[in-house]
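**Student:** Provided herewith is a single structure, encoded as structure tokens, for subsequent inquiry.
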Amino acid sequence: MTASLTTTDQETSEIISINPATLEELGRFPITPASEVNAAVARARAAAREWGARSYRNRARYILKLRRALYDRQNEIINIVSDETGKPPFEALSTEVFPAADLMSHYATKSEKILRDERFTLAVFRNKRSMIVSEPLGVVAVISPWNFPFSIPTGGVVMALMAGNTVVLKPSEFTPMVADAIRRLFAAAGFPEGVFQIVQGDGSTGAALVDSAVDKIFFTGSVRTGRRIAEAAAKRLLPVVLELGGKDPMIVCHDAPFERTVKGAVWGAFANCGQVCASVERLYVVEPVAEKFISAVVDEVKRLRVGPPAGCETDIGPLVNENQLNIVSDHVRDAVAKGARVLAGGRRREDLGGYFFEPTVLTDVNNSMKVMTEETFGPVLPIMVVKDEEEAIREANNTSYGLLASVWTSDNERGRRIARRIEAGTVIINDALYTHGAAQTPWFGVKESGTGVTHGRAGLFEFVRMKHVNWDLLPMKSNWWWFPYTDRWYGRFKTLMKVLYRWGLRKIA
Ligand code: NAD
């Protein structure tokens, strides 16, 4: 049984929430019909002017109330996230609740400083002054995936709200319980009517939101859906942020700190059962250290505890749904058929009941295999032995994705040198995944991994429209470049060209 719609009629259908560890039904939620999506956007529009006119301090008070509600209800949220996704409670806390609280603190306290007016003097037009003002966009649509069903949507919503927008959120159809917990949290924080709303449903509800009268779409999800949204938005020149998938490489240099690199590879590949956009999906280790490294990784993987989330007694939960299980099984089967060796795992754990798959390590992999070219999004770590760092860099860049990469070395200088040559939004030295959870650091993909930024300063600027205001310090009767055009001013313009030219030369020299 997978999360599915009970009927195909959009007006009456429901989403069924399934616990992927037990396959038990957790609850049902009515799908928001397209007409109600439009009504929600209209309510958000009506609330936008008043919310956008409030001070940052006033908006921050609501976000801090939200953070308080999260603090008070953290156990409830952890349990719901764990039940609906199968992730261990440790990860529900460390990768969902904690980063969301960090993000709320960060933007509640820093948004005013980041978005404050910026004034400057113009180099040539000495009598002129300029100012950049950041204004809210109006209504923002946030469309989110199931793999971090709490931290990703709340992150996007909080940034949009702090920037002065109202928000309509369309969460994943696979995690409606978590979405409903988010709704209750916002209700507890007492946001004014229409400032934050949720519409529940599958892709068709998301498509209805994309087609509605929103001002921007903040989307996190697969490349396939991202492309569809970009196409739909392009028809109306609607701006989009697309945070998409990855096939993230990990490069292990000859001087990598051994124990840390082994443990880092295992956590980076198998946290959240490998269902992270920034999971280690391809590992390149240089020949001199490969044998010892692979053997230690395999030992570590065999120690991982797989099972339904139960306190801190399990490390790896199930995949979120049958579709993910099928993709993972298919990628492993394809790799084995093409000559890969399974050093650990490799099979579904039917004995555990839910969508469990053993943490799997593969070697002797090559680029004809899906596991090296397509996003697997599951507990599979393919390891390729390479001659040297040059080959590792070449292979790391040999992909249509470009989200995150990691370089493991005892020499930070070497790490930074390699980082500059990797085609990815983020390169982490001697760590994996974690910067998505740090509100201060920007997160974005290059190539097919997306467009636009979330988090950091740049992430907040995605939720505002810039306005440029320009004025005279001492207004004169006329500007010299206005009518009537005269030979005298033509000559002065020519002199100015000369000055500009010499000044430019001096600056560069
Ligand atoms: P998905 O693309 O299937 O769905 C994401 C959301 O889009 C869901 O809410 C879905 O209902 C909605 N949707 C589907 N079709 C739509 C349409 N036509 N119009 C509007 N909305 C539509 O992705 P998923 O399976 O939920 O999530 C997994 C993917 O997300 C992976 O590829 C992963 O790498 C990626 N991801 C990326 C990041 C990042 O920061 N770059 C973070 C998390 C996940």
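Chain labels follow the order of the structure tokens: the first chain is A, the next B, and so on; residue numbering restarts at 1 in every chain, and ligands are counted from 1 in their shown order.
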I need the residues of region 8-149 of chain A that end up classed as strand (DSSP E or B) by DSSP on the backbone, written out as a PDB file with N, CA and C atoms, in the first residue's frame.
**Tutor:**
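Generated file (out16.pdb):
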ATOM      1  N   GLU A  14      -9.014  11.882  -1.253  1.00  0.00           N
ATOM      2  CA  GLU A  14      -8.251  12.036  -0.017  1.00  0.00           C
ATOM      3  C   GLU A  14      -6.823  11.561  -0.220  1.00  0.00           C
ATOM      4  N   ILE A  15      -5.928  12.014   0.650  1.00  0.00           N
ATOM      5  CA  ILE A  15      -4.583  11.444   0.697  1.00  0.00           C
ATOM      6  C   ILE A  15      -4.588  10.492   1.886  1.00  0.00           C
ATOM      7  N   ILE A  16      -4.002   9.324   1.684  1.00  0.00           N
ATOM      8  CA  ILE A  16      -3.869   8.389   2.801  1.00  0.00           C
ATOM      9  C   ILE A  16      -2.419   8.418   3.258  1.00  0.00           C
ATOM     10  N   SER A  17      -2.232   8.695   4.536  1.00  0.00           N
ATOM     11  CA  SER A  17      -0.868   8.698   5.071  1.00  0.00           C
ATOM     12  C   SER A  17      -0.513   7.305   5.583  1.00  0.00           C
ATOM     13  N   ILE A  18       0.656   6.813   5.128  1.00  0.00           N
ATOM     14  CA  ILE A  18       1.076   5.452   5.473  1.00  0.00           C
ATOM     15  C   ILE A  18       2.386   5.494   6.250  1.00  0.00           C
ATOM     16  N   GLU A  25      -1.979   2.442   8.126  1.00  0.00           N
ATOM     17  CA  GLU A  25      -2.529   3.768   7.779  1.00  0.00           C
ATOM     18  C   GLU A  25      -2.455   4.672   9.004  1.00  0.00           C
ATOM     19  N   LEU A  26      -1.982   5.915   8.776  1.00  0.00           N
ATOM     20  CA  LEU A  26      -1.857   6.861   9.889  1.00  0.00           C
ATOM     21  C   LEU A  26      -2.990   7.874   9.917  1.00  0.00           C
ATOM     22  N   GLY A  27      -3.561   8.161   8.763  1.00  0.00           N
ATOM     23  CA  GLY A  27      -4.627   9.157   8.723  1.00  0.00           C
ATOM     24  C   GLY A  27      -4.991   9.493   7.295  1.00  0.00           C
ATOM     25  N   ARG A  28      -6.079  10.250   7.154  1.00  0.00           N
ATOM     26  CA  ARG A  28      -6.533  10.667   5.814  1.00  0.00           C
ATOM     27  C   ARG A  28      -6.776  12.166   5.805  1.00  0.00           C
ATOM     28  N   PHE A  29      -6.466  12.750   4.694  1.00  0.00           N
ATOM     29  CA  PHE A  29      -6.644  14.207   4.578  1.00  0.00           C
ATOM     30  C   PHE A  29      -7.311  14.518   3.253  1.00  0.00           C
ATOM     31  N   PRO A  30      -8.344  15.363   3.291  1.00  0.00           N
ATOM     32  CA  PRO A  30      -8.982  15.706   2.024  1.00  0.00           C
ATOM     33  C   PRO A  30      -8.046  16.497   1.137  1.00  0.00           C
ATOM     34  N   GLU A 118      20.029  50.143   1.012  1.00  0.00           N
ATOM     35  CA  GLU A 118      21.460  50.328   0.738  1.00  0.00           C
ATOM     36  C   GLU A 118      21.622  51.609  -0.084  1.00  0.00           C
ATOM     37  N   ARG A 119      22.376  52.589   0.459  1.00  0.00           N
ATOM     38  CA  ARG A 119      22.574  53.866  -0.250  1.00  0.00           C
ATOM     39  C   ARG A 119      23.975  53.938  -0.831  1.00  0.00           C
ATOM     40  N   PHE A 120      24.117  54.595  -1.967  1.00  0.00           N
ATOM     41  CA  PHE A 120      25.459  54.786  -2.522  1.00  0.00           C
ATOM     42  C   PHE A 120      25.515  55.988  -3.458  1.00  0.00           C
ATOM     43  N   THR A 121      26.767  56.439  -3.659  1.00  0.00           N
ATOM     44  CA  THR A 121      27.030  57.586  -4.521  1.00  0.00           C
ATOM     45  C   THR A 121      27.457  57.073  -5.885  1.00  0.00           C
ATOM     46  N   LYS A 128      24.434  62.846  -7.915  1.00  0.00           N
ATOM     47  CA  LYS A 128      23.321  61.900  -7.769  1.00  0.00           C
ATOM     48  C   LYS A 128      23.553  60.950  -6.609  1.00  0.00           C
ATOM     49  N   ARG A 129      22.463  60.498  -6.024  1.00  0.00           N
ATOM     50  CA  ARG A 129      22.523  59.461  -4.994  1.00  0.00           C
ATOM     51  C   ARG A 129      21.525  58.362  -5.367  1.00  0.00           C
ATOM     52  N   SER A 130      21.819  57.127  -4.915  1.00  0.00           N
ATOM     53  CA  SER A 130      20.921  56.002  -5.187  1.00  0.00           C
ATOM     54  C   SER A 130      20.643  55.226  -3.916  1.00  0.00           C
ATOM     55  N   MET A 131      19.545  54.513  -3.967  1.00  0.00           N
ATOM     56  CA  MET A 131      19.182  53.674  -2.820  1.00  0.00           C
ATOM     57  C   MET A 131      18.505  52.408  -3.368  1.00  0.00           C
ATOM     58  N   ILE A 132      18.905  51.251  -2.817  1.00  0.00           N
ATOM     59  CA  ILE A 132      18.236  49.994  -3.177  1.00  0.00           C
ATOM     60  C   ILE A 132      17.325  49.629  -2.007  1.00  0.00           C
ATOM     61  N   VAL A 133      16.065  49.460  -2.333  1.00  0.00           N
ATOM     62  CA  VAL A 133      15.073  49.108  -1.314  1.00  0.00           C
ATOM     63  C   VAL A 133      14.597  47.687  -1.610  1.00  0.00           C
ATOM     64  N   SER A 134      14.449  46.867  -0.578  1.00  0.00           N
ATOM     65  CA  SER A 134      13.924  45.503  -0.769  1.00  0.00           C
ATOM     66  C   SER A 134      12.470  45.468  -0.332  1.00  0.00           C
ATOM     67  N   GLU A 135      11.604  45.109  -1.250  1.00  0.00           N
ATOM     68  CA  GLU A 135      10.173  45.083  -0.933  1.00  0.00           C
ATOM     69  C   GLU A 135       9.627  43.668  -1.065  1.00  0.00           C
ATOM     70  N   PRO A 136       8.610  43.340  -0.273  1.00  0.00           N
ATOM     71  CA  PRO A 136       8.020  41.996  -0.398  1.00  0.00           C
ATOM     72  C   PRO A 136       7.448  41.790  -1.800  1.00  0.00           C
ATOM     73  N   VAL A 139       2.526  37.366  -2.678  1.00  0.00           N
ATOM     74  CA  VAL A 139       2.146  36.006  -2.251  1.00  0.00           C
ATOM     75  C   VAL A 139       3.150  35.003  -2.820  1.00  0.00           C
ATOM     76  N   VAL A 140       3.738  34.199  -1.946  1.00  0.00           N
ATOM     77  CA  VAL A 140       4.716  33.197  -2.379  1.00  0.00           C
ATOM     78  C   VAL A 140       4.117  31.799  -2.229  1.00  0.00           C
ATOM     79  N   ALA A 141       4.320  30.965  -3.252  1.00  0.00           N
ATOM     80  CA  ALA A 141       3.929  29.553  -3.159  1.00  0.00           C
ATOM     81  C   ALA A 141       5.150  28.739  -2.780  1.00  0.00           C
ATOM     82  N   VAL A 142       5.034  27.937  -1.729  1.00  0.00           N
ATOM     83  CA  VAL A 142       6.122  27.023  -1.357  1.00  0.00           C
ATOM     84  C   VAL A 142       5.630  25.610  -1.655  1.00  0.00           C
ATOM     85  N   ILE A 143       6.377  24.888  -2.477  1.00  0.00           N
ATOM     86  CA  ILE A 143       6.003  23.501  -2.821  1.00  0.00           C
ATOM     87  C   ILE A 143       7.157  22.610  -2.381  1.00  0.00           C
TER      88      ILE A 143
END
**Student:** Kindly assemble as JSON lines a list of the region 300-385 of chain A residues that lie within 10 Å of region 249-254 of chain A, each paired with its nearest atom pair and their distance in Å to one decimal, using only C-alpha atoms, sorted first by chain and then by ascending residue number.
**Tutor:**
{"residue": "A:Met372", "atom": "CA", "partner": "A:Pro249", "partner_atom": "CA", "distance": 9.7}
{"residue": "A:Ile383", "atom": "CA", "partner": "A:Met250", "partner_atom": "CA", "distance": 9.4}
{"residue": "A:Met384", "atom": "CA", "partner": "A:Ile251", "partner_atom": "CA", "distance": 9.9}
{"residue": "A:Val385", "atom": "CA", "partner": "A:Val252", "partner_atom": "CA", "distance": 9.7}
**Student:** Could the residues of chain A that have an atom at most 6 Å from ligand 1 be listed as JSON lines, each with its closest atom pair and the distance in Å to one decimal, counting only C-alpha atoms and all ligand atoms and ordered by chain and ascending residue number?
**Tutor:**
{"residue": "A:Ile143", "atom": "CA", "partner": "ligand 1", "partner_atom_place_in_ligand_line": "9 (O)", "distance": 5.3}
{"residue": "A:Ser144", "atom": "CA", "partner": "ligand 1", "partner_atom_place_in_ligand_line": "9 (O)", "distance": 4.7}
{"residue": "A:Pro145", "atom": "CA", "partner": "ligand 1", "partner_atom_place_in_ligand_line": "26 (O)", "distance": 3.4}
{"residue": "A:Trp146", "atom": "CA", "partner": "ligand 1", "partner_atom_place_in_ligand_line": "26 (O)", "distance": 4.8}
{"residue": "A:Lys170", "atom": "CA", "partner": "ligand 1", "partner_atom_place_in_ligand_line": "9 (O)", "distance": 5.9}
{"residue": "A:Pro171", "atom": "CA", "partner": "ligand 1", "partner_atom_place_in_ligand_line": "9 (O)", "distance": 4.7}
{"residue": "A:Ser172", "atom": "CA", "partner": "ligand 1", "partner_atom_place_in_ligand_line": "9 (O)", "distance": 3.5}
{"residue": "A:Glu173", "atom": "CA", "partner": "ligand 1", "partner_atom_place_in_ligand_line": "11 (O)", "distance": 5.5}
{"residue": "A:Asp202", "atom": "CA", "partner": "ligand 1", "partner_atom_place_in_ligand_line": "11 (O)", "distance": 4.1}
{"residue": "A:Gly203", "atom": "CA", "partner": "ligand 1", "partner_atom_place_in_ligand_line": "15 (N)", "distance": 3.5}
{"residue": "A:Gly206", "atom": "CA", "partner": "ligand 1", "partner_atom_place_in_ligand_line": "21 (N)", "distance": 3.5}
{"residue": "A:Ala207", "atom": "CA", "partner": "ligand 1", "partner_atom_place_in_ligand_line": "19 (N)", "distance": 3.6}
{"residue": "A:Thr220", "atom": "CA", "partner": "ligand 1", "partner_atom_place_in_ligand_line": "37 (C)", "distance": 5.2}
{"residue": "A:Gly221", "atom": "CA", "partner": "ligand 1", "partner_atom_place_in_ligand_line": "30 (O)", "distance": 3.1}
{"residue": "A:Ser222", "atom": "CA", "partner": "ligand 1", "partner_atom_place_in_ligand_line": "32 (O)", "distance": 3.5}
{"residue": "A:Thr225", "atom": "CA", "partner": "ligand 1", "partner_atom_place_in_ligand_line": "2 (O)", "distance": 4.4}
{"residue": "A:Arg228", "atom": "CA", "partner": "ligand 1", "partner_atom_place_in_ligand_line": "18 (N)", "distance": 5.8}
{"residue": "A:Ile229", "atom": "CA", "partner": "ligand 1", "partner_atom_place_in_ligand_line": "19 (N)", "distance": 5.5}
{"residue": "A:Glu243", "atom": "CA", "partner": "ligand 1", "partner_atom_place_in_ligand_line": "41 (N)", "distance": 3.8}
{"residue": "A:Leu244", "atom": "CA", "partner": "ligand 1", "partner_atom_place_in_ligand_line": "41 (N)", "distance": 4.0}
{"residue": "A:Gly245", "atom": "CA", "partner": "ligand 1", "partner_atom_place_in_ligand_line": "34 (O)", "distance": 3.1}
{"residue": "A:Gly246", "atom": "CA", "partner": "ligand 1", "partner_atom_place_in_ligand_line": "34 (O)", "distance": 5.4}
{"residue": "A:Cys277", "atom": "CA", "partner": "ligand 1", "partner_atom_place_in_ligand_line": "34 (O)", "distance": 3.4}
**Student:** Wanna dump the region 64-138 of chain A-region 437-447 of chain A contacts at 10 Å for me, each residue with its shortest atom pair and the distance in Å to one decimal, counting only C-alpha atoms, ordered by chain and number, as a Markdown table?
**Tutor:**
| residue | atom | partner | partner_atom | distance |
| --- | --- | --- | --- | --- |
| A:Ser94 | CA | A:Gly437 | CA | 8.8 |
| A:Thr95 | CA | A:Gly437 | CA | 6.6 |
| A:Glu96 | CA | A:Gly437 | CA | 8.2 |
| A:Phe98 | CA | A:Gly437 | CA | 8.4 |
| A:Pro99 | CA | A:Gly437 | CA | 5.1 |
| A:Ala100 | CA | A:Gly437 | CA | 8.0 |
| A:Ala101 | CA | A:Ala439 | CA | 9.6 |
| A:Asp102 | CA | A:Ala439 | CA | 6.6 |
| A:Leu103 | CA | A:Ala439 | CA | 4.9 |
| A:Met104 | CA | A:Ala439 | CA | 8.6 |
| A:Ser105 | CA | A:Ala439 | CA | 9.1 |
| A:His106 | CA | A:Ala439 | CA | 6.7 |
| A:Tyr107 | CA | A:Ala439 | CA | 8.2 |
| A:Lys110 | CA | A:Gln440 | CA | 9.8 |
**Student:** Can you list, as a list in words, every protein, DNA or RNA residue that comes within 9 Å of region 351-357 of chain A when you count only C-alpha atoms, leaving out same-chain residues fewer than 3 positions away?
**Tutor:**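 Contacts, in chain order: Asn19, Pro20, Ala21, Thr22, Leu23, Cys273, Val306, Gly307, Pro308, Ile316, Gly317, Pro318, Leu319, Val320, Asn321, Glu322, Gln324, Leu325, Val328, Ser329, Gly345, Gly346, Arg347, Arg348, Thr360, Gly378 and Pro379 of chain A.
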**Student:** Got time to write the residues from that selection, N, CA and C atoms, as a compact mmCIF listing (two decimals), in the first residue's frame?
**Tutor:**
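Result file is selection-v8.txt:
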# COMPACT_ATOMS: atom_id res chain seq x y z
N ASN A 19 2.47 4.70 7.30
CA ASN A 19 3.75 4.54 8.01
C ASN A 19 4.62 3.57 7.18
N PRO A 20 5.75 4.06 6.63
CA PRO A 20 6.52 3.19 5.71
C PRO A 20 7.27 2.07 6.42
N ALA A 21 7.33 2.14 7.75
CA ALA A 21 8.00 1.06 8.49
C ALA A 21 7.06 -0.10 8.77
N THR A 22 5.75 0.21 8.90
CA THR A 22 4.78 -0.84 9.26
C THR A 22 3.71 -1.03 8.18
N LEU A 23 3.61 -0.10 7.27
CA LEU A 23 2.59 -0.03 6.22
C LEU A 23 1.18 0.18 6.80
N CYS A 273 18.28 7.16 5.35
CA CYS A 273 18.19 6.02 4.43
C CYS A 273 18.62 6.42 3.01
N VAL A 306 19.38 -1.60 11.19
CA VAL A 306 18.25 -1.29 10.31
C VAL A 306 16.96 -1.73 10.99
N GLY A 307 15.95 -0.89 10.95
CA GLY A 307 14.68 -1.31 11.53
C GLY A 307 13.74 -0.14 11.72
N PRO A 308 12.52 -0.44 12.21
CA PRO A 308 11.55 0.63 12.45
C PRO A 308 12.10 1.60 13.49
N ILE A 316 19.04 3.17 10.64
CA ILE A 316 18.49 3.29 9.29
C ILE A 316 17.04 2.83 9.27
N GLY A 317 16.16 3.69 8.81
CA GLY A 317 14.75 3.33 8.69
C GLY A 317 14.43 2.82 7.30
N PRO A 318 13.16 2.80 6.96
CA PRO A 318 12.75 2.32 5.64
C PRO A 318 12.83 3.43 4.59
N LEU A 319 12.67 3.05 3.34
CA LEU A 319 12.44 4.04 2.29
C LEU A 319 11.02 4.56 2.47
N VAL A 320 10.73 5.70 1.87
CA VAL A 320 9.46 6.35 2.21
C VAL A 320 8.26 5.71 1.54
N ASN A 321 8.46 5.10 0.37
CA ASN A 321 7.31 4.48 -0.31
C ASN A 321 7.78 3.41 -1.29
N GLU A 322 6.81 2.74 -1.87
CA GLU A 322 7.12 1.61 -2.74
C GLU A 322 7.89 2.06 -3.99
N GLN A 324 10.09 4.47 -4.24
CA GLN A 324 11.52 4.61 -3.91
C GLN A 324 12.18 3.25 -3.80
N LEU A 325 11.47 2.31 -3.17
CA LEU A 325 12.00 0.95 -3.01
C LEU A 325 12.28 0.34 -4.39
N VAL A 328 15.44 1.91 -6.01
CA VAL A 328 16.67 1.42 -5.40
C VAL A 328 16.95 -0.01 -5.86
N SER A 329 15.92 -0.87 -5.81
CA SER A 329 16.10 -2.27 -6.23
C SER A 329 16.56 -2.32 -7.69
N GLY A 345 25.04 -5.65 1.98
CA GLY A 345 23.63 -5.45 1.66
C GLY A 345 23.26 -5.97 0.29
N GLY A 346 22.41 -5.17 -0.41
CA GLY A 346 22.04 -5.56 -1.78
C GLY A 346 20.62 -6.07 -1.92
N ARG A 347 19.91 -6.19 -0.78
CA ARG A 347 18.56 -6.79 -0.88
C ARG A 347 17.54 -6.03 -0.06
N ARG A 348 16.29 -6.25 -0.42
CA ARG A 348 15.18 -5.74 0.38
C ARG A 348 15.09 -6.55 1.68
N THR A 360 23.73 -0.72 1.30
CA THR A 360 24.42 -1.49 0.27
C THR A 360 25.70 -0.78 -0.19
N GLY A 378 18.57 6.47 -2.17
CA GLY A 378 18.35 5.32 -1.29
C GLY A 378 19.66 4.88 -0.68
N PRO A 379 19.62 3.80 0.12
CA PRO A 379 20.79 3.38 0.90
C PRO A 379 21.81 2.60 0.07
**Student:** Could you please determine the separation between CA of Ala396 (chain A) and CA of His455 (chain A) in Å, to one decimal place?
**Tutor:**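 Atom-to-atom, CA of Ala396 (chain A) to CA of His455 (chain A), that is 24.8 Å.
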**Student:** Among region 229-404 of chain A, which ones does DSSP place in helix (DSSP H, G or I), written as a ChimeraX atom specification?
**Tutor:** /A:229-235,258-274,287-302,322-337,350-352,370-373,389-396
**Student:** For Asn430 (chain A), find every residue with an atom within 9 Å (counting only C-alpha atoms), except residues of its own chain fewer than 3 positions away, and show them as a list in words.
**Tutor:**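 Contacts, with the query itself left out: Ala256, Pro257, Arg260, Thr261, Gly264, Ser406, Val407, Trp408, Thr409, Ser410, Asn412 and Gly415 of chain A.
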**Student:** Residues within 8 Å of Asn147 (chain A), please, as a PyMOL selection string. Count only C-alpha atoms; anything in the same chain fewer than 3 positions from it doesn't count.
**Tutor:** chain A and resi 85+272+275-276+320
**Student:** Between A:Asn127, A:Thr32, A:Ser478, A:Ser111, which is the closest to Gln200 (chain A) once you count only C-alpha atoms?
**Tutor:** A:Thr32
**Student:** I'd like the interatomic distance between CA of Glu112 (chain A) and CA of Leu161 (chain A), to a tenth of an Å.
**Tutor:** 12.3 Å
**Student:** Using only C-alpha atoms, which residues sit within 12 Å of region 39-54 of chain A once same-chain residues fewer than 5 positions away are excluded, as an MDAnalysis selection string?
**Tutor:** chainID A and resid 32:34 59:62 112 134:142 160:170 191:200 208:216 463:464
**Student:** In Å, with one decimal, what is the gap from CA of Glu448 (chain A) to CA of Phe377 (chain A)?
**Tutor:** 15.9 Å
